[in-house]
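Chemist: Just one file: protein-v9.tsv, with TSV, C-alpha atoms and all ligand atoms.
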```tsv
chain	number	residue	atom	x	y	z
A	1	MET	CA	-14.16	-5.89	16.31
A	2	PRO	CA	-10.48	-5.21	15.50
A	3	ARG	CA	-10.01	-3.61	12.15
A	4	VAL	CA	-8.57	-5.41	9.12
A	5	LEU	CA	-5.35	-3.79	7.95
A	6	ASN	CA	-4.64	-3.81	4.23
A	7	GLY	CA	-1.28	-3.35	2.53
A	8	ILE	CA	-0.77	-2.90	-1.20
A	9	VAL	CA	2.51	-3.14	-3.06
A	10	ALA	CA	4.01	-3.90	-6.47
A	11	VAL	CA	7.23	-5.94	-6.31
A	12	CYS	CA	9.97	-7.20	-8.58
A	13	PRO	CA	11.05	-10.87	-8.32
A	14	ASP	CA	13.77	-9.89	-5.78
A	15	LEU	CA	11.13	-7.99	-3.72
A	16	GLY	CA	12.44	-4.62	-4.97
A	17	ILE	CA	9.82	-1.87	-4.64
A	18	GLY	CA	11.73	1.35	-5.28
A	19	CYS	CA	14.83	2.88	-6.80
A	20	GLY	CA	16.10	6.45	-6.39
A	21	GLY	CA	12.78	7.58	-4.89
A	22	ASN	CA	10.77	6.15	-7.75
A	23	LEU	CA	9.28	2.83	-8.76
A	24	PRO	CA	11.93	0.39	-10.06
A	25	TRP	CA	10.37	0.30	-13.55
A	26	HIS	CA	10.26	4.13	-13.84
A	27	PRO	CA	9.93	5.77	-16.39
A	28	VAL	CA	7.79	2.91	-17.74
A	29	ARG	CA	4.20	3.45	-16.64
A	30	LEU	CA	1.92	0.54	-15.75
A	31	SER	CA	-1.39	2.40	-16.06
A	32	ASN	CA	-3.65	-0.60	-15.48
A	33	GLU	CA	-1.62	-1.62	-12.46
A	34	PHE	CA	-2.01	1.89	-11.09
A	35	ALA	CA	-5.76	1.74	-11.84
A	36	HIS	CA	-5.89	-1.47	-9.75
A	37	PHE	CA	-4.15	0.36	-6.88
A	38	ARG	CA	-6.60	3.25	-7.20
A	39	LYS	CA	-9.66	0.98	-7.32
A	40	MET	CA	-8.61	-1.17	-4.37
A	41	THR	CA	-7.61	1.74	-2.13
A	42	SER	CA	-10.50	4.06	-3.09
A	43	THR	CA	-13.53	1.76	-2.99
A	44	ALA	CA	-15.27	2.54	0.29
A	45	ARG	CA	-18.73	2.26	1.79
A	46	GLU	CA	-21.10	5.07	0.85
A	47	GLY	CA	-20.52	8.22	2.86
A	48	LYS	CA	-17.09	7.05	3.99
A	49	LYS	CA	-13.53	7.27	2.71
A	50	ASN	CA	-10.64	4.89	2.97
A	51	VAL	CA	-7.45	5.93	4.73
A	52	VAL	CA	-4.03	5.60	3.10
A	53	ILE	CA	-1.05	5.54	5.45
A	54	MET	CA	2.42	6.15	4.00
A	55	GLY	CA	5.96	7.11	4.94
A	56	ARG	CA	7.30	10.57	4.11
A	57	LYS	CA	9.39	9.31	1.17
A	58	THR	CA	6.44	7.52	-0.40
A	59	TRP	CA	4.39	10.74	-0.09
A	60	PHE	CA	7.09	12.68	-1.96
A	61	SER	CA	7.42	9.89	-4.56
A	62	ILE	CA	3.86	10.68	-5.67
A	63	PRO	CA	3.89	13.36	-8.40
A	64	ALA	CA	2.84	16.70	-6.81
A	65	LYS	CA	-0.17	16.98	-9.10
A	66	ASN	CA	-1.51	13.67	-7.77
A	67	ARG	CA	-1.13	14.55	-4.07
A	68	PRO	CA	-3.08	13.99	-1.93
A	69	LEU	CA	-4.42	10.73	-3.39
A	70	ASN	CA	-7.98	11.74	-4.17
A	71	ASN	CA	-11.10	10.38	-2.45
A	72	ARG	CA	-8.87	8.98	0.30
A	73	ILE	CA	-7.76	10.36	3.65
A	74	ASN	CA	-3.97	10.72	3.38
A	75	ILE	CA	-1.91	10.18	6.56
A	76	VAL	CA	1.85	10.73	6.29
A	77	LEU	CA	4.26	9.29	8.86
A	78	SER	CA	7.36	11.20	9.90
A	79	ARG	CA	9.44	11.49	13.04
A	80	GLN	CA	10.87	14.83	11.87
A	81	CYS	CA	7.99	16.80	10.34
A	82	ILE	CA	6.09	19.04	12.74
A	83	ALA	CA	3.17	19.62	10.37
A	84	PRO	CA	1.68	17.53	7.55
A	85	PRO	CA	3.52	18.08	4.24
A	86	ALA	CA	1.56	20.52	2.03
A	87	GLY	CA	-1.54	18.73	0.74
A	88	ALA	CA	-1.47	15.82	3.20
A	89	HIS	CA	-4.48	15.56	5.51
A	90	HIS	CA	-2.76	14.29	8.65
A	91	LEU	CA	0.70	13.70	10.10
A	92	ALA	CA	1.48	10.90	12.56
A	93	ALA	CA	4.71	10.31	14.49
A	94	ASP	CA	4.42	6.51	14.40
A	95	PHE	CA	2.25	3.70	13.08
A	96	SER	CA	0.21	3.21	16.24
A	97	SER	CA	-0.54	6.95	16.42
A	98	ALA	CA	-1.81	6.77	12.83
A	99	LEU	CA	-4.12	3.87	13.71
A	100	ARG	CA	-5.27	5.70	16.86
A	101	LEU	CA	-6.13	8.73	14.73
A	102	VAL	CA	-8.27	6.48	12.50
A	103	ASP	CA	-10.10	5.05	15.51
A	104	THR	CA	-10.69	8.41	17.21
A	105	GLU	CA	-10.83	11.65	15.23
A	106	LEU	CA	-11.48	9.89	11.90
A	107	SER	CA	-13.73	7.07	13.12
A	108	GLU	CA	-16.96	8.52	11.66
A	109	GLN	CA	-15.52	9.10	8.18
A	110	ALA	CA	-12.97	6.29	7.85
A	111	ASP	CA	-13.72	2.98	6.17
A	112	GLN	CA	-10.78	0.71	5.24
A	113	VAL	CA	-7.17	1.35	6.20
A	114	TRP	CA	-4.50	0.85	3.52
A	115	VAL	CA	-0.76	0.89	4.13
A	116	ILE	CA	0.85	1.99	0.87
A	117	GLY	CA	4.58	1.95	1.74
A	118	GLY	CA	7.46	2.10	2.12
A	119	SER	CA	9.57	-0.71	3.50
A	120	SER	CA	9.37	-0.12	7.24
A	121	LEU	CA	5.64	0.49	7.19
A	122	TYR	CA	5.00	-2.71	5.25
A	123	LYS	CA	7.12	-4.50	7.86
A	124	GLU	CA	5.17	-3.05	10.78
A	125	MET	CA	1.87	-3.82	9.09
A	126	MET	CA	2.89	-7.37	8.15
A	127	GLU	CA	4.19	-8.19	11.63
A	128	SER	CA	1.33	-6.73	13.62
A	129	PRO	CA	-1.34	-9.08	15.02
A	130	GLY	CA	-4.91	-9.41	13.78
A	131	THR	CA	-6.29	-9.84	10.28
A	132	ARG	CA	-3.91	-8.47	7.67
A	133	ARG	CA	-4.37	-8.53	3.92
A	134	LEU	CA	-1.55	-7.93	1.54
A	135	PHE	CA	-2.39	-7.07	-2.06
A	136	VAL	CA	0.73	-7.84	-4.07
A	137	THR	CA	1.40	-7.18	-7.73
A	138	ARG	CA	4.14	-9.58	-8.82
A	139	ILE	CA	6.09	-7.80	-11.55
A	140	LEU	CA	7.60	-10.66	-13.53
A	141	LYS	CA	10.65	-8.71	-14.70
A	142	GLN	CA	13.71	-7.70	-12.71
A	143	PHE	CA	14.66	-4.01	-12.33
A	144	ASP	CA	17.35	-2.45	-10.12
A	145	SER	CA	16.04	-1.49	-6.68
A	146	ASP	CA	17.35	0.15	-3.52
A	147	THR	CA	14.19	-0.39	-1.44
A	148	PHE	CA	12.67	-3.77	-0.69
A	149	LEU	CA	9.55	-5.43	0.68
A	150	PRO	CA	10.26	-7.66	3.70
A	151	GLU	CA	9.76	-11.35	2.99
A	152	ILE	CA	6.13	-12.47	3.12
A	153	SER	CA	6.40	-15.24	5.69
A	154	PRO	CA	4.70	-18.40	4.40
A	155	ASP	CA	4.18	-19.46	8.05
A	156	LYS	CA	2.10	-16.39	8.65
A	157	TYR	CA	0.58	-15.44	5.29
A	158	ARG	CA	-1.45	-17.66	3.00
A	159	LEU	CA	-2.07	-16.91	-0.65
A	160	LEU	CA	-5.83	-16.67	-1.26
A	161	PRO	CA	-7.12	-18.62	-4.28
A	162	GLU	CA	-9.17	-15.58	-5.35
A	163	PHE	CA	-10.41	-12.24	-4.07
A	164	PRO	CA	-13.41	-10.17	-5.24
A	165	GLY	CA	-12.39	-7.50	-7.74
A	166	VAL	CA	-8.86	-8.84	-8.22
A	167	PRO	CA	-8.21	-10.25	-11.73
A	168	GLN	CA	-6.60	-13.70	-11.74
A	169	GLU	CA	-5.26	-13.76	-15.26
A	170	LEU	CA	-1.75	-12.73	-16.29
A	171	GLN	CA	-1.50	-9.01	-17.11
A	172	GLU	CA	0.82	-7.30	-19.58
A	173	GLU	CA	1.59	-3.63	-20.25
A	174	ASN	CA	4.48	-2.07	-22.14
A	175	GLY	CA	6.07	-5.50	-22.52
A	176	ILE	CA	6.02	-6.11	-18.74
A	177	GLN	CA	4.04	-9.05	-17.42
A	178	TYR	CA	2.58	-9.11	-13.92
A	179	ARG	CA	-0.07	-10.83	-11.84
A	180	PHE	CA	-2.16	-9.83	-8.86
A	181	GLU	CA	-2.05	-11.82	-5.61
A	182	VAL	CA	-3.76	-11.45	-2.25
A	183	TYR	CA	-2.30	-12.84	1.00
A	184	GLU	CA	-4.02	-13.03	4.35
A	185	SER	CA	-2.84	-13.50	7.91
A	186	ASN	CA	-5.14	-14.14	10.83
A	187	ASP	CA	-2.59	-14.12	13.65
A	188	GLN	CA	-3.94	-12.92	16.98
B	1	LIG	N1	6.37	-0.62	-5.41
B	1	LIG	C1	5.48	-0.11	-4.57
B	1	LIG	O1	4.36	-0.59	-4.46
B	1	LIG	C2	5.89	1.06	-3.72
B	1	LIG	C3	5.03	1.55	-2.73
B	1	LIG	C4	5.45	2.63	-1.96
B	1	LIG	C5	6.70	3.19	-2.16
B	1	LIG	N2	7.49	2.69	-3.14
B	1	LIG	C6	8.84	3.23	-3.35
B	1	LIG	O2	9.55	3.07	-2.13
B	1	LIG	C7	10.42	4.20	-1.93
B	1	LIG	C8	10.01	4.90	-0.65
B	1	LIG	O3	9.94	3.98	0.41
B	1	LIG	P1	11.00	4.02	1.65
B	1	LIG	O4	10.87	2.71	2.34
B	1	LIG	O5	12.33	4.44	1.13
B	1	LIG	O6	10.47	5.21	2.53
B	1	LIG	P2	9.07	5.50	3.28
B	1	LIG	O7	8.75	4.42	4.24
B	1	LIG	O8	8.04	5.90	2.32
B	1	LIG	O9	9.51	6.81	4.06
B	1	LIG	C9	10.48	6.72	5.06
B	1	LIG	C10	10.26	7.85	6.02
B	1	LIG	O10	8.92	7.78	6.53
B	1	LIG	C11	8.91	8.06	7.90
B	1	LIG	N3	8.54	6.82	8.60
B	1	LIG	C12	8.56	5.53	8.12
B	1	LIG	N4	8.13	4.67	9.04
B	1	LIG	C13	7.82	5.44	10.12
B	1	LIG	C14	7.30	5.14	11.40
B	1	LIG	N5	7.00	3.88	11.77
B	1	LIG	N6	7.10	6.16	12.27
B	1	LIG	C15	7.37	7.44	11.92
B	1	LIG	N7	7.85	7.79	10.72
B	1	LIG	C16	8.07	6.80	9.84
B	1	LIG	C17	10.31	8.55	8.24
B	1	LIG	O11	10.26	9.93	7.91
B	1	LIG	P3	11.23	11.04	8.57
B	1	LIG	O12	12.59	10.78	8.00
B	1	LIG	O13	10.62	12.33	8.12
B	1	LIG	O14	11.16	10.86	10.06
B	1	LIG	C18	11.16	7.79	7.24
B	1	LIG	O15	12.42	8.39	6.98
B	1	LIG	C19	10.29	5.04	-3.17
B	1	LIG	O16	11.26	4.63	-4.12
B	1	LIG	C20	8.90	4.70	-3.68
B	1	LIG	O17	8.76	4.91	-5.07
B	1	LIG	C21	7.11	1.64	-3.91
```
When written as structure tokens, how does the structure in this file appear?

Modeler:
Amino acid sequence: MPRVLNGIVAVCPDLGIGCGGNLPWHPVRLSNEFAHFRKMTSTAREGKKNVVIMGRKTWFSIPAKNRPLNNRINIVLSRQCIAPPAGAHHLAADFSSALRLVDTELSEQADQVWVIGGSSLYKEMMESPGTRRLFVTRILKQFDSDTFLPEISPDKYRLLPEFPGVPQELQEENGIQYRFEVYESNDQ
């Protein structure tokens, strides 16, 4: 059975996801939002680990002390690197090579696959066929951004009324309100 691909992202109202190599709301920390990211991407079947796939800039946007993301298999994508950046578990030259790695060398250990950014990887994940789930945190405040999430096509993605483990109520931290959403696409 083809594997479900998951993406997870936190976005401003204009779909901004990053600014100057950081999150748009930096230096404000949204600890509970980060805990949601950690819970969703880390929860795997017993004896297995989830895989997180990210672009090189997203890898380096994670504070060094938090790399690699723990309890997850970290795959970094780069066309230039010839070896995984220090601390990363695997390097892949493109998205399909990363997925092939999951289905071959990592198949025994890997559970879910999570795409965690940035822009071009979200685009590839969102446009690829099969079952795709997009876990979106809607930050309800505008911040300057230089990196954006591609539009979530309403023709392709439907907003799920609820999803296990994802709170439905409005969240607020440090004066910033946000809510969690889950979209699904079943294109073949
Ligand atoms: N809000 C959120 O949820 C969220 C999530 C993630 C990241 N971010 C933010 O977004 C920014 C980083 O994202 P970004 O879009 O600028 O960069 P990115 O996608 O993380 O990294 C871009 C680099 O990754 C490699 N890459 C990307 N797609 C590839 C592919 N298909 N095949 C091979 N290599 C590929 C290339 O590396 P080489 O140049 O080495 O070839 C490319 O230059 C930061 O500001 C970060 O904080 C926000």

Chemist: Write as a ChimeraX atom specification the residues around ligand LIG 1 (chain B), taking 6 Å as the cut-off and counting only C-alpha atoms and all ligand atoms.

Modeler: /A:9-11,17-23,54-58,61,77-81,93-95,116-121,147

Chemist: Can you list, as a list in words, every protein, DNA or RNA residue that comes within 8 Å of Pro68 of chain A when you count all atoms listed in the file, leaving out same-chain residues fewer than 5 positions away?

Modeler: Asn74, Gly87, Ala88 and His89 of chain A

Chemist: Which protein, DNA or RNA residues have an atom at most 12 Å from (-7.1, -5.0, 9.0), counting all atoms listed in the file? List them as an mmCIF file with C-alpha atoms, in the coordinates of the input.

Modeler:
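Full text of point-v3.cif as output:
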```
data_model
loop_
_atom_site.group_PDB
_atom_site.id
_atom_site.type_symbol
_atom_site.label_atom_id
_atom_site.label_comp_id
_atom_site.auth_asym_id
_atom_site.auth_seq_id
_atom_site.Cartn_x
_atom_site.Cartn_y
_atom_site.Cartn_z
ATOM 1 C CA MET A 1 -14.160 -5.890 16.310
ATOM 2 C CA PRO A 2 -10.480 -5.210 15.500
ATOM 3 C CA ARG A 3 -10.010 -3.610 12.150
ATOM 4 C CA VAL A 4 -8.570 -5.410 9.120
ATOM 5 C CA LEU A 5 -5.350 -3.790 7.950
ATOM 6 C CA ASN A 6 -4.640 -3.810 4.230
ATOM 7 C CA GLY A 7 -1.280 -3.350 2.530
ATOM 8 C CA VAL A 51 -7.450 5.930 4.730
ATOM 9 C CA LEU A 99 -4.120 3.870 13.710
ATOM 10 C CA ASP A 111 -13.720 2.980 6.170
ATOM 11 C CA GLN A 112 -10.780 0.710 5.240
ATOM 12 C CA VAL A 113 -7.170 1.350 6.200
ATOM 13 C CA TRP A 114 -4.500 0.850 3.520
ATOM 14 C CA VAL A 115 -0.760 0.890 4.130
ATOM 15 C CA MET A 125 1.870 -3.820 9.090
ATOM 16 C CA MET A 126 2.890 -7.370 8.150
ATOM 17 C CA SER A 128 1.330 -6.730 13.620
ATOM 18 C CA PRO A 129 -1.340 -9.080 15.020
ATOM 19 C CA GLY A 130 -4.910 -9.410 13.780
ATOM 20 C CA THR A 131 -6.290 -9.840 10.280
ATOM 21 C CA ARG A 132 -3.910 -8.470 7.670
ATOM 22 C CA ARG A 133 -4.370 -8.530 3.920
ATOM 23 C CA LEU A 134 -1.550 -7.930 1.540
ATOM 24 C CA GLU A 184 -4.020 -13.030 4.350
ATOM 25 C CA SER A 185 -2.840 -13.500 7.910
ATOM 26 C CA ASN A 186 -5.140 -14.140 10.830
ATOM 27 C CA ASP A 187 -2.590 -14.120 13.650
ATOM 28 C CA GLN A 188 -3.940 -12.920 16.980
#
```

Chemist: Distance atom CA of Trp25 of chain A-atom CA of Pro63 of chain A, one decimal place?

Modeler: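 Those two atoms sit 15.5 Å apart.
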
Chemist: Which one of A:Glu105, A:Phe143, A:Phe163, A:Arg158 sits closest to Pro27 of chain A if you count all atoms listed in the file?

Modeler: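 That would be A:Phe143, the residue with the smallest distance to Pro27 of chain A.
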
Chemist: Show me, as JSON, numbers by chain, the residues that have an atom within 10 Å of Val28 of chain A when counting all atoms listed in the file, minus same-chain residues fewer than 6 positions from it.

Modeler: {"A": [173, 174, 175, 176]}

Chemist: Can you write out the residues you just picked, keeping C-alpha atoms, as a PDB file, in the coordinates of the input?

Modeler:
```pdb
ATOM      1  CA  GLU A 173       1.590  -3.630 -20.250  1.00  0.00           C
ATOM      2  CA  ASN A 174       4.480  -2.070 -22.140  1.00  0.00           C
ATOM      3  CA  GLY A 175       6.070  -5.500 -22.520  1.00  0.00           C
ATOM      4  CA  ILE A 176       6.020  -6.110 -18.740  1.00  0.00           C
TER       5      ILE A 176
END
```

Chemist: Any idea what's packed within 7 Å of Ile139 of chain A, counting only C-alpha atoms, ignoring anything in its chain fewer than 6 positions away? Could you give it as a ChimeraX atom specification?

Modeler: /A:10-13,177-179

Chemist: Enter the distance from atom CA of Ala44 of chain A to atom CA of Glu108 of chain A, in Å, rounded to one decimal.

Modeler: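 Answer for the atom CA of Ala44 of chain A to atom CA of Glu108 of chain A separation: 13.0 Å.
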
Chemist: Please tell me which residues are no farther than 9 Å from (13.9, -10.7, -4.3) in the file, counting all atoms listed in the file, and write them as a list in words.

Modeler: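 Within the cut-off we find Val11, Cys12, Pro13, Asp14, Leu15, Gly16, Gln142, Phe148, Leu149 and Glu151 of chain A.
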
Chemist: Return the single residue from A:Thr43, A:Ser97, A:Ala92, A:Pro161 that is closest to Arg72 of chain A, with distances computed using only C-alpha atoms.

Modeler: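 Closest candidate: A:Thr43.
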
Chemist: When you draw a straight line from atom CA of Tyr122 of chain A to atom CA of Ala110 of chain A, how long is it in Å?

Modeler: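 Those two atoms sit 20.3 Å apart.
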
Chemist: Under the rule that all atoms listed in the file are counted, which of A:Glu46, A:Glu33, A:Glu181, A:Asp155 is the nearest residue to Val136 of chain A?

Modeler: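 For Val136 of chain A, the nearest of the given residues is A:Glu181.
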
Chemist: Considering only C-alpha atoms, state which residue in the set A:Pro24, A:Val52, A:Leu170, A:Ala83 is at the smallest distance from Asn70 of chain A.

Modeler: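 Counting only C-alpha atoms, the residue closest to Asn70 of chain A is A:Val52.
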
Chemist: When distances are computed from only C-alpha atoms, which of A:Thr137, A:Asp146, A:Tyr157, A:Ala86 shows the smallest separation from Arg67 of chain A?

Modeler: A:Ala86

Chemist: Counting all atoms listed in the file, which of A:Asn66, A:Asn32, A:Gln109, A:Asn50 gets nearest to Pro167 of chain A?

Modeler: A:Asn32
